[in-house]
$ cat my_file10.pdb   # PDB, C-alpha atoms and all ligand atoms
ATOM      1  CA  MET A 328       0.000   0.000   0.000  1.00  0.00           C
ATOM      2  CA  GLU A 329       1.853   3.081  -1.244  1.00  0.00           C
ATOM      3  CA  LYS A 330      -0.209   5.489   0.878  1.00  0.00           C
ATOM      4  CA  ILE A 331       1.756   4.240   3.892  1.00  0.00           C
ATOM      5  CA  GLU A 332       5.449   5.044   4.099  1.00  0.00           C
ATOM      6  CA  ILE A 333       8.153   4.435   6.661  1.00  0.00           C
ATOM      7  CA  GLN A 334      10.993   6.853   7.146  1.00  0.00           C
ATOM      8  CA  LYS A 335      13.939   7.054   9.477  1.00  0.00           C
ATOM      9  CA  GLY A 336      14.700  10.367  11.105  1.00  0.00           C
ATOM     10  CA  ASP A 337      13.507  13.292  13.150  1.00  0.00           C
ATOM     11  CA  ILE A 338       9.767  13.965  12.848  1.00  0.00           C
ATOM     12  CA  THR A 339      10.198  17.686  13.562  1.00  0.00           C
ATOM     13  CA  GLU A 340      11.960  18.174  10.211  1.00  0.00           C
ATOM     14  CA  LEU A 341       9.316  16.677   7.939  1.00  0.00           C
ATOM     15  CA  ASN A 342       7.531  18.665   5.270  1.00  0.00           C
ATOM     16  CA  VAL A 343       4.035  17.318   5.839  1.00  0.00           C
ATOM     17  CA  ASP A 344       0.725  18.978   6.653  1.00  0.00           C
ATOM     18  CA  ALA A 345       0.759  17.599  10.198  1.00  0.00           C
ATOM     19  CA  ILE A 346       3.031  15.755  12.552  1.00  0.00           C
ATOM     20  CA  VAL A 347       1.674  13.817  15.500  1.00  0.00           C
ATOM     21  CA  ASN A 348       3.151  14.323  18.941  1.00  0.00           C
ATOM     22  CA  ALA A 349       3.283  11.530  21.534  1.00  0.00           C
ATOM     23  CA  ALA A 350       2.406  13.984  24.288  1.00  0.00           C
ATOM     24  CA  ASN A 351       1.487  13.627  27.945  1.00  0.00           C
ATOM     25  CA  THR A 352      -1.856  14.656  29.440  1.00  0.00           C
ATOM     26  CA  SER A 353      -0.639  18.177  30.286  1.00  0.00           C
ATOM     27  CA  LEU A 354       0.219  18.990  26.641  1.00  0.00           C
ATOM     28  CA  LEU A 355       2.874  21.295  28.046  1.00  0.00           C
ATOM     29  CA  GLY A 356       5.930  19.346  26.917  1.00  0.00           C
ATOM     30  CA  GLY A 357       7.993  16.440  28.181  1.00  0.00           C
ATOM     31  CA  GLY A 358      10.838  14.177  27.122  1.00  0.00           C
ATOM     32  CA  GLY A 359      11.421  12.149  23.961  1.00  0.00           C
ATOM     33  CA  VAL A 360       9.604  13.205  20.829  1.00  0.00           C
ATOM     34  CA  ASP A 361       7.426  15.609  22.840  1.00  0.00           C
ATOM     35  CA  GLY A 362      10.494  17.527  24.034  1.00  0.00           C
ATOM     36  CA  ALA A 363      11.953  17.575  20.515  1.00  0.00           C
ATOM     37  CA  ILE A 364       8.702  18.954  19.063  1.00  0.00           C
ATOM     38  CA  HIS A 365       8.397  21.665  21.709  1.00  0.00           C
ATOM     39  CA  ARG A 366      12.016  22.709  21.188  1.00  0.00           C
ATOM     40  CA  ALA A 367      11.615  22.852  17.424  1.00  0.00           C
ATOM     41  CA  ALA A 368       8.221  24.598  17.441  1.00  0.00           C
ATOM     42  CA  GLY A 369       9.355  27.231  19.925  1.00  0.00           C
ATOM     43  CA  PRO A 370       7.795  28.721  23.066  1.00  0.00           C
ATOM     44  CA  GLU A 371       4.593  29.735  21.314  1.00  0.00           C
ATOM     45  CA  LEU A 372       3.539  26.090  21.342  1.00  0.00           C
ATOM     46  CA  VAL A 373       3.367  25.812  25.114  1.00  0.00           C
ATOM     47  CA  GLU A 374       1.542  29.153  25.267  1.00  0.00           C
ATOM     48  CA  PHE A 375      -1.045  27.875  22.803  1.00  0.00           C
ATOM     49  CA  ASN A 376      -1.394  24.485  24.487  1.00  0.00           C
ATOM     50  CA  ARG A 377      -2.066  26.046  27.883  1.00  0.00           C
ATOM     51  CA  LYS A 378      -5.437  27.037  26.467  1.00  0.00           C
ATOM     52  CA  LEU A 379      -6.268  23.505  25.355  1.00  0.00           C
ATOM     53  CA  GLY A 380      -6.802  22.327  28.921  1.00  0.00           C
ATOM     54  CA  GLY A 381      -4.858  19.070  28.670  1.00  0.00           C
ATOM     55  CA  CYS A 382      -5.764  15.859  26.871  1.00  0.00           C
ATOM     56  CA  GLN A 383      -6.892  12.445  28.055  1.00  0.00           C
ATOM     57  CA  THR A 384      -5.169   9.218  27.131  1.00  0.00           C
ATOM     58  CA  GLY A 385      -6.276   8.051  23.686  1.00  0.00           C
ATOM     59  CA  GLU A 386      -7.640  11.483  22.755  1.00  0.00           C
ATOM     60  CA  ALA A 387      -6.098  14.090  20.430  1.00  0.00           C
ATOM     61  CA  LYS A 388      -5.924  17.878  20.140  1.00  0.00           C
ATOM     62  CA  ILE A 389      -4.507  20.134  17.437  1.00  0.00           C
ATOM     63  CA  SER A 390      -2.231  23.165  17.422  1.00  0.00           C
ATOM     64  CA  PRO A 391      -0.397  25.162  14.778  1.00  0.00           C
ATOM     65  CA  GLY A 392       3.135  24.003  13.959  1.00  0.00           C
ATOM     66  CA  PHE A 393       4.663  27.391  14.793  1.00  0.00           C
ATOM     67  CA  LYS A 394       8.383  27.152  13.855  1.00  0.00           C
ATOM     68  CA  ILE A 395       8.379  23.641  12.389  1.00  0.00           C
ATOM     69  CA  PRO A 396       7.756  23.043   8.674  1.00  0.00           C
ATOM     70  CA  ALA A 397       4.462  21.208   9.299  1.00  0.00           C
ATOM     71  CA  LYS A 398       1.382  23.428   9.443  1.00  0.00           C
ATOM     72  CA  PHE A 399      -0.179  21.511  12.328  1.00  0.00           C
ATOM     73  CA  ILE A 400       0.799  19.414  15.316  1.00  0.00           C
ATOM     74  CA  ILE A 401      -1.698  16.830  16.479  1.00  0.00           C
ATOM     75  CA  HIS A 402      -1.057  16.026  20.119  1.00  0.00           C
ATOM     76  CA  THR A 403      -2.201  12.629  21.295  1.00  0.00           C
ATOM     77  CA  VAL A 404      -1.558  10.888  24.595  1.00  0.00           C
ATOM     78  CA  GLY A 405      -0.521   7.265  24.409  1.00  0.00           C
ATOM     79  CA  PRO A 406      -1.119   4.830  27.250  1.00  0.00           C
ATOM     80  CA  VAL A 407       1.633   3.968  29.708  1.00  0.00           C
ATOM     81  CA  TRP A 408       2.195   0.208  29.384  1.00  0.00           C
ATOM     82  CA  SER A 409       1.459  -1.526  32.652  1.00  0.00           C
ATOM     83  CA  GLY A 410       1.224  -5.171  31.603  1.00  0.00           C
ATOM     84  CA  GLY A 411      -1.612  -4.997  29.097  1.00  0.00           C
ATOM     85  CA  LYS A 412      -4.595  -5.335  31.406  1.00  0.00           C
ATOM     86  CA  ASN A 413      -5.497  -1.659  31.564  1.00  0.00           C
ATOM     87  CA  ASN A 414      -6.955  -1.204  28.079  1.00  0.00           C
ATOM     88  CA  GLU A 415      -3.554  -0.199  26.738  1.00  0.00           C
ATOM     89  CA  GLU A 416      -4.160  -1.735  23.307  1.00  0.00           C
ATOM     90  CA  ILE A 417      -7.542  -0.041  22.847  1.00  0.00           C
ATOM     91  CA  LEU A 418      -6.171   3.279  24.078  1.00  0.00           C
ATOM     92  CA  LEU A 419      -3.237   3.127  21.669  1.00  0.00           C
ATOM     93  CA  ALA A 420      -5.608   2.343  18.779  1.00  0.00           C
ATOM     94  CA  ASN A 421      -7.725   5.327  19.873  1.00  0.00           C
ATOM     95  CA  CYS A 422      -4.652   7.586  19.538  1.00  0.00           C
ATOM     96  CA  TYR A 423      -4.272   6.689  15.870  1.00  0.00           C
ATOM     97  CA  ARG A 424      -8.011   6.832  15.154  1.00  0.00           C
ATOM     98  CA  ASN A 425      -8.614  10.154  16.897  1.00  0.00           C
ATOM     99  CA  SER A 426      -5.503  11.736  15.346  1.00  0.00           C
ATOM    100  CA  LEU A 427      -6.647  10.711  11.865  1.00  0.00           C
ATOM    101  CA  LYS A 428     -10.160  12.014  12.557  1.00  0.00           C
ATOM    102  CA  LEU A 429      -8.759  15.421  13.569  1.00  0.00           C
ATOM    103  CA  ALA A 430      -6.576  15.393  10.472  1.00  0.00           C
ATOM    104  CA  VAL A 431      -9.600  14.880   8.218  1.00  0.00           C
ATOM    105  CA  GLU A 432     -11.532  17.627  10.015  1.00  0.00           C
ATOM    106  CA  ASN A 433      -8.664  20.029   9.358  1.00  0.00           C
ATOM    107  CA  GLY A 434      -8.133  19.207   5.695  1.00  0.00           C
ATOM    108  CA  ILE A 435      -4.775  17.544   6.311  1.00  0.00           C
ATOM    109  CA  LYS A 436      -3.535  15.396   3.412  1.00  0.00           C
ATOM    110  CA  THR A 437      -0.146  14.255   4.656  1.00  0.00           C
ATOM    111  CA  ILE A 438       0.574  13.223   8.222  1.00  0.00           C
ATOM    112  CA  ALA A 439       3.515  11.712  10.086  1.00  0.00           C
ATOM    113  CA  PHE A 440       3.318   9.601  13.252  1.00  0.00           C
ATOM    114  CA  PRO A 441       6.048   8.699  15.721  1.00  0.00           C
ATOM    115  CA  ALA A 442       5.917   5.266  17.380  1.00  0.00           C
ATOM    116  CA  ILE A 443       3.502   6.401  20.103  1.00  0.00           C
ATOM    117  CA  SER A 444       4.010   4.904  23.600  1.00  0.00           C
ATOM    118  CA  THR A 445       7.040   2.806  22.618  1.00  0.00           C
ATOM    119  CA  GLY A 446       9.600   5.009  24.358  1.00  0.00           C
ATOM    120  CA  VAL A 447       9.289   6.150  27.946  1.00  0.00           C
ATOM    121  CA  TYR A 448       5.770   4.648  28.084  1.00  0.00           C
ATOM    122  CA  ARG A 449       7.237   1.143  27.426  1.00  0.00           C
ATOM    123  CA  PHE A 450       4.514  -0.282  25.162  1.00  0.00           C
ATOM    124  CA  PRO A 451       5.968  -3.441  23.517  1.00  0.00           C
ATOM    125  CA  LEU A 452       7.289  -2.326  20.133  1.00  0.00           C
ATOM    126  CA  GLU A 453       6.008  -5.127  17.909  1.00  0.00           C
ATOM    127  CA  ARG A 454       2.494  -4.972  19.264  1.00  0.00           C
ATOM    128  CA  ALA A 455       2.473  -1.170  19.075  1.00  0.00           C
ATOM    129  CA  THR A 456       3.506  -1.203  15.418  1.00  0.00           C
ATOM    130  CA  GLU A 457       0.836  -3.826  14.612  1.00  0.00           C
ATOM    131  CA  ILE A 458      -1.797  -1.576  16.175  1.00  0.00           C
ATOM    132  CA  ALA A 459      -0.479   1.503  14.360  1.00  0.00           C
ATOM    133  CA  VAL A 460      -0.428  -0.155  10.934  1.00  0.00           C
ATOM    134  CA  GLY A 461      -3.752  -1.910  11.565  1.00  0.00           C
ATOM    135  CA  GLU A 462      -5.552   1.318  12.459  1.00  0.00           C
ATOM    136  CA  VAL A 463      -4.141   3.218   9.495  1.00  0.00           C
ATOM    137  CA  LYS A 464      -5.102   0.439   7.058  1.00  0.00           C
ATOM    138  CA  LYS A 465      -8.594   0.319   8.556  1.00  0.00           C
ATOM    139  CA  PHE A 466      -8.848   4.091   8.172  1.00  0.00           C
ATOM    140  CA  PHE A 467      -7.835   3.992   4.507  1.00  0.00           C
ATOM    141  CA  LYS A 468     -10.641   1.538   3.767  1.00  0.00           C
ATOM    142  CA  LYS A 469     -13.233   4.162   4.669  1.00  0.00           C
ATOM    143  CA  ASN A 470     -11.505   7.442   3.929  1.00  0.00           C
ATOM    144  CA  GLU A 471      -9.871   8.839   0.833  1.00  0.00           C
ATOM    145  CA  SER A 472      -9.052  12.391   1.887  1.00  0.00           C
ATOM    146  CA  ILE A 473      -5.664  11.628   3.403  1.00  0.00           C
ATOM    147  CA  GLU A 474      -3.028  10.963   0.774  1.00  0.00           C
ATOM    148  CA  LYS A 475      -0.087   9.848   2.839  1.00  0.00           C
ATOM    149  CA  VAL A 476       0.711   8.520   6.297  1.00  0.00           C
ATOM    150  CA  ILE A 477       4.366   8.333   7.244  1.00  0.00           C
ATOM    151  CA  PHE A 478       5.598   6.285  10.201  1.00  0.00           C
ATOM    152  CA  VAL A 479       8.706   8.082  11.391  1.00  0.00           C
ATOM    153  CA  CYS A 480      11.281   5.887  13.077  1.00  0.00           C
ATOM    154  CA  PHE A 481      13.899   7.415  15.293  1.00  0.00           C
ATOM    155  CA  ASP A 482      15.910   4.223  15.635  1.00  0.00           C
ATOM    156  CA  GLU A 483      16.739   1.123  13.638  1.00  0.00           C
ATOM    157  CA  LYS A 484      14.710  -1.320  15.730  1.00  0.00           C
ATOM    158  CA  THR A 485      11.555   0.729  15.231  1.00  0.00           C
ATOM    159  CA  PHE A 486      12.290   0.964  11.503  1.00  0.00           C
ATOM    160  CA  GLN A 487      12.723  -2.817  11.298  1.00  0.00           C
ATOM    161  CA  ALA A 488       9.476  -3.453  13.188  1.00  0.00           C
ATOM    162  CA  TYR A 489       7.459  -1.389  10.693  1.00  0.00           C
ATOM    163  CA  LYS A 490       9.376  -2.806   7.751  1.00  0.00           C
ATOM    164  CA  LYS A 491       8.480  -6.348   8.774  1.00  0.00           C
ATOM    165  CA  LEU A 492       4.777  -5.455   8.866  1.00  0.00           C
ATOM    166  CA  LEU A 493       4.696  -3.481   5.632  1.00  0.00           C
ATOM    167  CA  ASN A 494       7.009  -5.818   3.676  1.00  0.00           C
ATOM    168  CA  ALA A 495       8.868  -2.756   2.534  1.00  0.00           C
TER
HETATM  169  P1  LIG B 501       6.142   7.826  24.770  1.00  0.00           P
HETATM  170  O1  LIG B 501       6.201   8.587  26.057  1.00  0.00           O
HETATM  171  O2  LIG B 501       4.776   7.898  24.085  1.00  0.00           O
HETATM  172  O3  LIG B 501       6.651   6.438  24.891  1.00  0.00           O
HETATM  173  P2  LIG B 501       8.667   8.773  23.573  1.00  0.00           P
HETATM  174  O4  LIG B 501       8.917  10.127  23.008  1.00  0.00           O
HETATM  175  O5  LIG B 501       9.400   8.372  24.781  1.00  0.00           O
HETATM  176  O6  LIG B 501       7.065   8.670  23.755  1.00  0.00           O
HETATM  177  O7  LIG B 501       8.948   7.690  22.444  1.00  0.00           O
HETATM  178  C1  LIG B 501       8.120   7.436  21.344  1.00  0.00           C
HETATM  179  C2  LIG B 501       8.960   7.157  20.113  1.00  0.00           C
HETATM  180  O8  LIG B 501       9.397   8.404  19.559  1.00  0.00           O
HETATM  181  C3  LIG B 501      10.234   6.344  20.373  1.00  0.00           C
HETATM  182  O9  LIG B 501      10.374   5.408  19.298  1.00  0.00           O
HETATM  183  C4  LIG B 501      11.338   7.397  20.307  1.00  0.00           C
HETATM  184  O10 LIG B 501      12.569   6.837  19.899  1.00  0.00           O
HETATM  185  C5  LIG B 501      10.785   8.286  19.220  1.00  0.00           C
HETATM  186  N1  LIG B 501      11.354   9.632  19.094  1.00  0.00           N
HETATM  187  C6  LIG B 501      12.044  10.391  19.988  1.00  0.00           C
HETATM  188  N2  LIG B 501      12.390  11.565  19.457  1.00  0.00           N
HETATM  189  C7  LIG B 501      11.917  11.576  18.167  1.00  0.00           C
HETATM  190  C8  LIG B 501      11.960  12.495  17.071  1.00  0.00           C
HETATM  191  N3  LIG B 501      12.555  13.686  17.176  1.00  0.00           N
HETATM  192  N4  LIG B 501      11.361  12.135  15.906  1.00  0.00           N
HETATM  193  C9  LIG B 501      10.732  10.959  15.771  1.00  0.00           C
HETATM  194  N5  LIG B 501      10.660  10.038  16.754  1.00  0.00           N
HETATM  195  C10 LIG B 501      11.250  10.349  17.935  1.00  0.00           C
END

$ encode --input "my_file10.pdb" --output "structure tokens"
Amino acid sequence: MEKIEIQKGDITELNVDAIVNAANTSLLGGGGVDGAIHRAAGPELVEFNRKLGGCQTGEAKISPGFKIPAKFIIHTVGPVWSGGKNNEEILLANCYRNSLKLAVENGIKTIAFPAISTGVYRFPLERATEIAVGEVKKFFKKNESIEKVIFVCFDEKTFQAYKKLLNA
């Protein structure tokens, strides 16, 4: 499926309509990809996000991209992995679904996702990538407005996990 791409690198540098941030519930910045996005977007991002009133796990909210090349940042909060019995899989799927829904509502055609929850939040990588790819494929069956979804991989093991699933 050529609408899905995998790329190695830093999500903050991509020329897409929207990048997705693996944020925390405060939406005010954190470590990992969240920290990188806040640094690259500049201090206006935290000022804007203060008005969003936080975000629950599995939900998504949108902001401008400010200093990054992407026009929008979609902030979603992945679940913290705690063994798999706390709805983690459903909540992670919700992150992808709700981010894509917001993208459609905002006329976004190209969107890049990091590997949500697989860093500090410790979600098992293989399962997380299966959920990510599964949700995006499901979405493409019903929606034609988005032209490209890019899975951005910051490290080789994440890249290999997506590659295995997409036979790329
Ligand atoms: P979480 O708290 O949801 O687990 P992390 O930011 O800790 O989020 O990790 C999620 C994924 O994002 C990890 O694969 C991590 O390597 C990756 N990552 C970190 N920085 C960047 C970046 N600048 N661009 C793309 N991916 C990144």

$ residues_around --input "my_file10.pdb" --residues "Glu432 (chain A)" --least-positions-apart "5" --cutoff "12 Å" --atoms "only C-alpha atoms" --output "MDAnalysis selection string"
chainID A and resid 388:389 401 425:427 470 472:473

$ residues_near_ligand --input "my_file10.pdb" --ligand "ligand LIG 501 (chain B)" --cutoff "7 Å" --atoms "all atoms listed in the file" --output "mmCIF file with C-alpha atoms, keeping the file's coordinate frame"
data_model
loop_
_atom_site.group_PDB
_atom_site.id
_atom_site.type_symbol
_atom_site.label_atom_id
_atom_site.label_comp_id
_atom_site.auth_asym_id
_atom_site.auth_seq_id
_atom_site.Cartn_x
_atom_site.Cartn_y
_atom_site.Cartn_z
ATOM 1 C CA GLY A 336 14.700 10.367 11.105
ATOM 2 C CA ASP A 337 13.507 13.292 13.150
ATOM 3 C CA ILE A 338 9.767 13.965 12.848
ATOM 4 C CA THR A 339 10.198 17.686 13.562
ATOM 5 C CA ALA A 349 3.283 11.530 21.534
ATOM 6 C CA ALA A 350 2.406 13.984 24.288
ATOM 7 C CA GLY A 358 10.838 14.177 27.122
ATOM 8 C CA GLY A 359 11.421 12.149 23.961
ATOM 9 C CA VAL A 360 9.604 13.205 20.829
ATOM 10 C CA ASP A 361 7.426 15.609 22.840
ATOM 11 C CA ALA A 363 11.953 17.575 20.515
ATOM 12 C CA ILE A 364 8.702 18.954 19.063
ATOM 13 C CA GLY A 405 -0.521 7.265 24.409
ATOM 14 C CA PRO A 441 6.048 8.699 15.721
ATOM 15 C CA ALA A 442 5.917 5.266 17.380
ATOM 16 C CA ILE A 443 3.502 6.401 20.103
ATOM 17 C CA SER A 444 4.010 4.904 23.600
ATOM 18 C CA THR A 445 7.040 2.806 22.618
ATOM 19 C CA GLY A 446 9.600 5.009 24.358
ATOM 20 C CA VAL A 447 9.289 6.150 27.946
ATOM 21 C CA TYR A 448 5.770 4.648 28.084
ATOM 22 C CA ARG A 449 7.237 1.143 27.426
ATOM 23 C CA VAL A 479 8.706 8.082 11.391
ATOM 24 C CA CYS A 480 11.281 5.887 13.077
ATOM 25 C CA PHE A 481 13.899 7.415 15.293
ATOM 26 C CA ASP A 482 15.910 4.223 15.635
ATOM 27 C CA THR A 485 11.555 0.729 15.231
#

$ closest_residue --input "my_file10.pdb" --among "A:Phe375, A:Phe467, A:Phe450, A:Tyr489" --to "Asn414 (chain A)" --atoms "all atoms listed in the file"
A:Phe450

$ atom_distance --input "my_file10.pdb" --atom1 "CA of Thr384 (chain A)" --atom2 "CA of Asn351 (chain A)"
8.0 Å

$ closest_residue --input "my_file10.pdb" --among "A:Ala488, A:Phe393, A:Glu340, A:Lys465" --to "Pro370 (chain A)" --atoms "only C-alpha atoms"
A:Phe393

$ residues_around --input "my_file10.pdb" --residues "Gly381 (chain A)" --least-positions-apart "2" --cutoff "7 Å" --atoms "all atoms listed in the file" --output "PyMOL selection string"
chain A and resi 352-354+379+383

$ residues_around --input "my_file10.pdb" --residues "Glu329 (chain A)" --least-positions-apart "4" --cutoff "10 Å" --atoms "all atoms listed in the file" --output "PyMOL selection string"
chain A and resi 474-476+493+495

$ atom_distance --input "my_file10.pdb" --atom1 "CA of Ala368 (chain A)" --atom2 "CA of Trp408 (chain A)"
27.8 Å

$ closest_residue --input "my_file10.pdb" --among "A:Ile346, A:Ala367, A:Ala455, A:Gly392" --to "Pro406 (chain A)" --atoms "only C-alpha atoms"
A:Ala455

$ closest_residue --input "my_file10.pdb" --among "A:Phe486, A:Lys428, A:Gly369, A:Lys378" --to "Val463 (chain A)" --atoms "all atoms listed in the file"
A:Lys428

$ decode --input "my_file10.pdb" --residues "region 450-468 of chain A" --atoms "N, CA and C atoms" --output "PDB file, in the first residue's frame"
ATOM      1  N   PHE A 450       5.424   0.638  25.853  1.00  0.00           N
ATOM      2  CA  PHE A 450       4.514  -0.282  25.162  1.00  0.00           C
ATOM      3  C   PHE A 450       5.383  -1.205  24.291  1.00  0.00           C
ATOM      4  N   PRO A 451       5.142  -2.539  24.327  1.00  0.00           N
ATOM      5  CA  PRO A 451       5.968  -3.441  23.517  1.00  0.00           C
ATOM      6  C   PRO A 451       5.943  -3.050  22.033  1.00  0.00           C
ATOM      7  N   LEU A 452       7.146  -2.916  21.469  1.00  0.00           N
ATOM      8  CA  LEU A 452       7.289  -2.326  20.133  1.00  0.00           C
ATOM      9  C   LEU A 452       6.514  -3.074  19.045  1.00  0.00           C
ATOM     10  N   GLU A 453       6.653  -4.391  19.011  1.00  0.00           N
ATOM     11  CA  GLU A 453       6.008  -5.127  17.909  1.00  0.00           C
ATOM     12  C   GLU A 453       4.498  -4.991  17.942  1.00  0.00           C
ATOM     13  N   ARG A 454       3.947  -5.103  19.126  1.00  0.00           N
ATOM     14  CA  ARG A 454       2.494  -4.972  19.264  1.00  0.00           C
ATOM     15  C   ARG A 454       2.038  -3.549  18.923  1.00  0.00           C
ATOM     16  N   ALA A 455       2.824  -2.574  19.354  1.00  0.00           N
ATOM     17  CA  ALA A 455       2.473  -1.170  19.075  1.00  0.00           C
ATOM     18  C   ALA A 455       2.476  -0.897  17.573  1.00  0.00           C
ATOM     19  N   THR A 456       3.458  -1.450  16.862  1.00  0.00           N
ATOM     20  CA  THR A 456       3.506  -1.203  15.418  1.00  0.00           C
ATOM     21  C   THR A 456       2.361  -1.935  14.716  1.00  0.00           C
ATOM     22  N   GLU A 457       1.994  -3.115  15.195  1.00  0.00           N
ATOM     23  CA  GLU A 457       0.836  -3.826  14.612  1.00  0.00           C
ATOM     24  C   GLU A 457      -0.431  -2.988  14.760  1.00  0.00           C
ATOM     25  N   ILE A 458      -0.607  -2.408  15.929  1.00  0.00           N
ATOM     26  CA  ILE A 458      -1.797  -1.576  16.175  1.00  0.00           C
ATOM     27  C   ILE A 458      -1.767  -0.343  15.273  1.00  0.00           C
ATOM     28  N   ALA A 459      -0.609   0.292  15.183  1.00  0.00           N
ATOM     29  CA  ALA A 459      -0.479   1.503  14.360  1.00  0.00           C
ATOM     30  C   ALA A 459      -0.820   1.210  12.895  1.00  0.00           C
ATOM     31  N   VAL A 460      -0.203   0.186  12.345  1.00  0.00           N
ATOM     32  CA  VAL A 460      -0.428  -0.155  10.934  1.00  0.00           C
ATOM     33  C   VAL A 460      -1.873  -0.629  10.730  1.00  0.00           C
ATOM     34  N   GLY A 461      -2.378  -1.409  11.665  1.00  0.00           N
ATOM     35  CA  GLY A 461      -3.752  -1.910  11.565  1.00  0.00           C
ATOM     36  C   GLY A 461      -4.773  -0.782  11.538  1.00  0.00           C
ATOM     37  N   GLU A 462      -4.611   0.183  12.407  1.00  0.00           N
ATOM     38  CA  GLU A 462      -5.552   1.318  12.459  1.00  0.00           C
ATOM     39  C   GLU A 462      -5.476   2.167  11.193  1.00  0.00           C
ATOM     40  N   VAL A 463      -4.283   2.396  10.695  1.00  0.00           N
ATOM     41  CA  VAL A 463      -4.141   3.218   9.495  1.00  0.00           C
ATOM     42  C   VAL A 463      -4.745   2.493   8.284  1.00  0.00           C
ATOM     43  N   LYS A 464      -4.518   1.197   8.184  1.00  0.00           N
ATOM     44  CA  LYS A 464      -5.102   0.439   7.058  1.00  0.00           C
ATOM     45  C   LYS A 464      -6.629   0.453   7.143  1.00  0.00           C
ATOM     46  N   LYS A 465      -7.141   0.280   8.350  1.00  0.00           N
ATOM     47  CA  LYS A 465      -8.594   0.319   8.556  1.00  0.00           C
ATOM     48  C   LYS A 465      -9.148   1.682   8.123  1.00  0.00           C
ATOM     49  N   PHE A 466      -8.442   2.729   8.512  1.00  0.00           N
ATOM     50  CA  PHE A 466      -8.848   4.091   8.172  1.00  0.00           C
ATOM     51  C   PHE A 466      -8.901   4.289   6.648  1.00  0.00           C
ATOM     52  N   PHE A 467      -7.886   3.800   5.959  1.00  0.00           N
ATOM     53  CA  PHE A 467      -7.835   3.992   4.507  1.00  0.00           C
ATOM     54  C   PHE A 467      -8.959   3.263   3.777  1.00  0.00           C
ATOM     55  N   LYS A 468      -9.516   2.248   4.407  1.00  0.00           N
ATOM     56  CA  LYS A 468     -10.641   1.538   3.767  1.00  0.00           C
ATOM     57  C   LYS A 468     -11.891   2.407   3.693  1.00  0.00           C
TER      58      LYS A 468
END
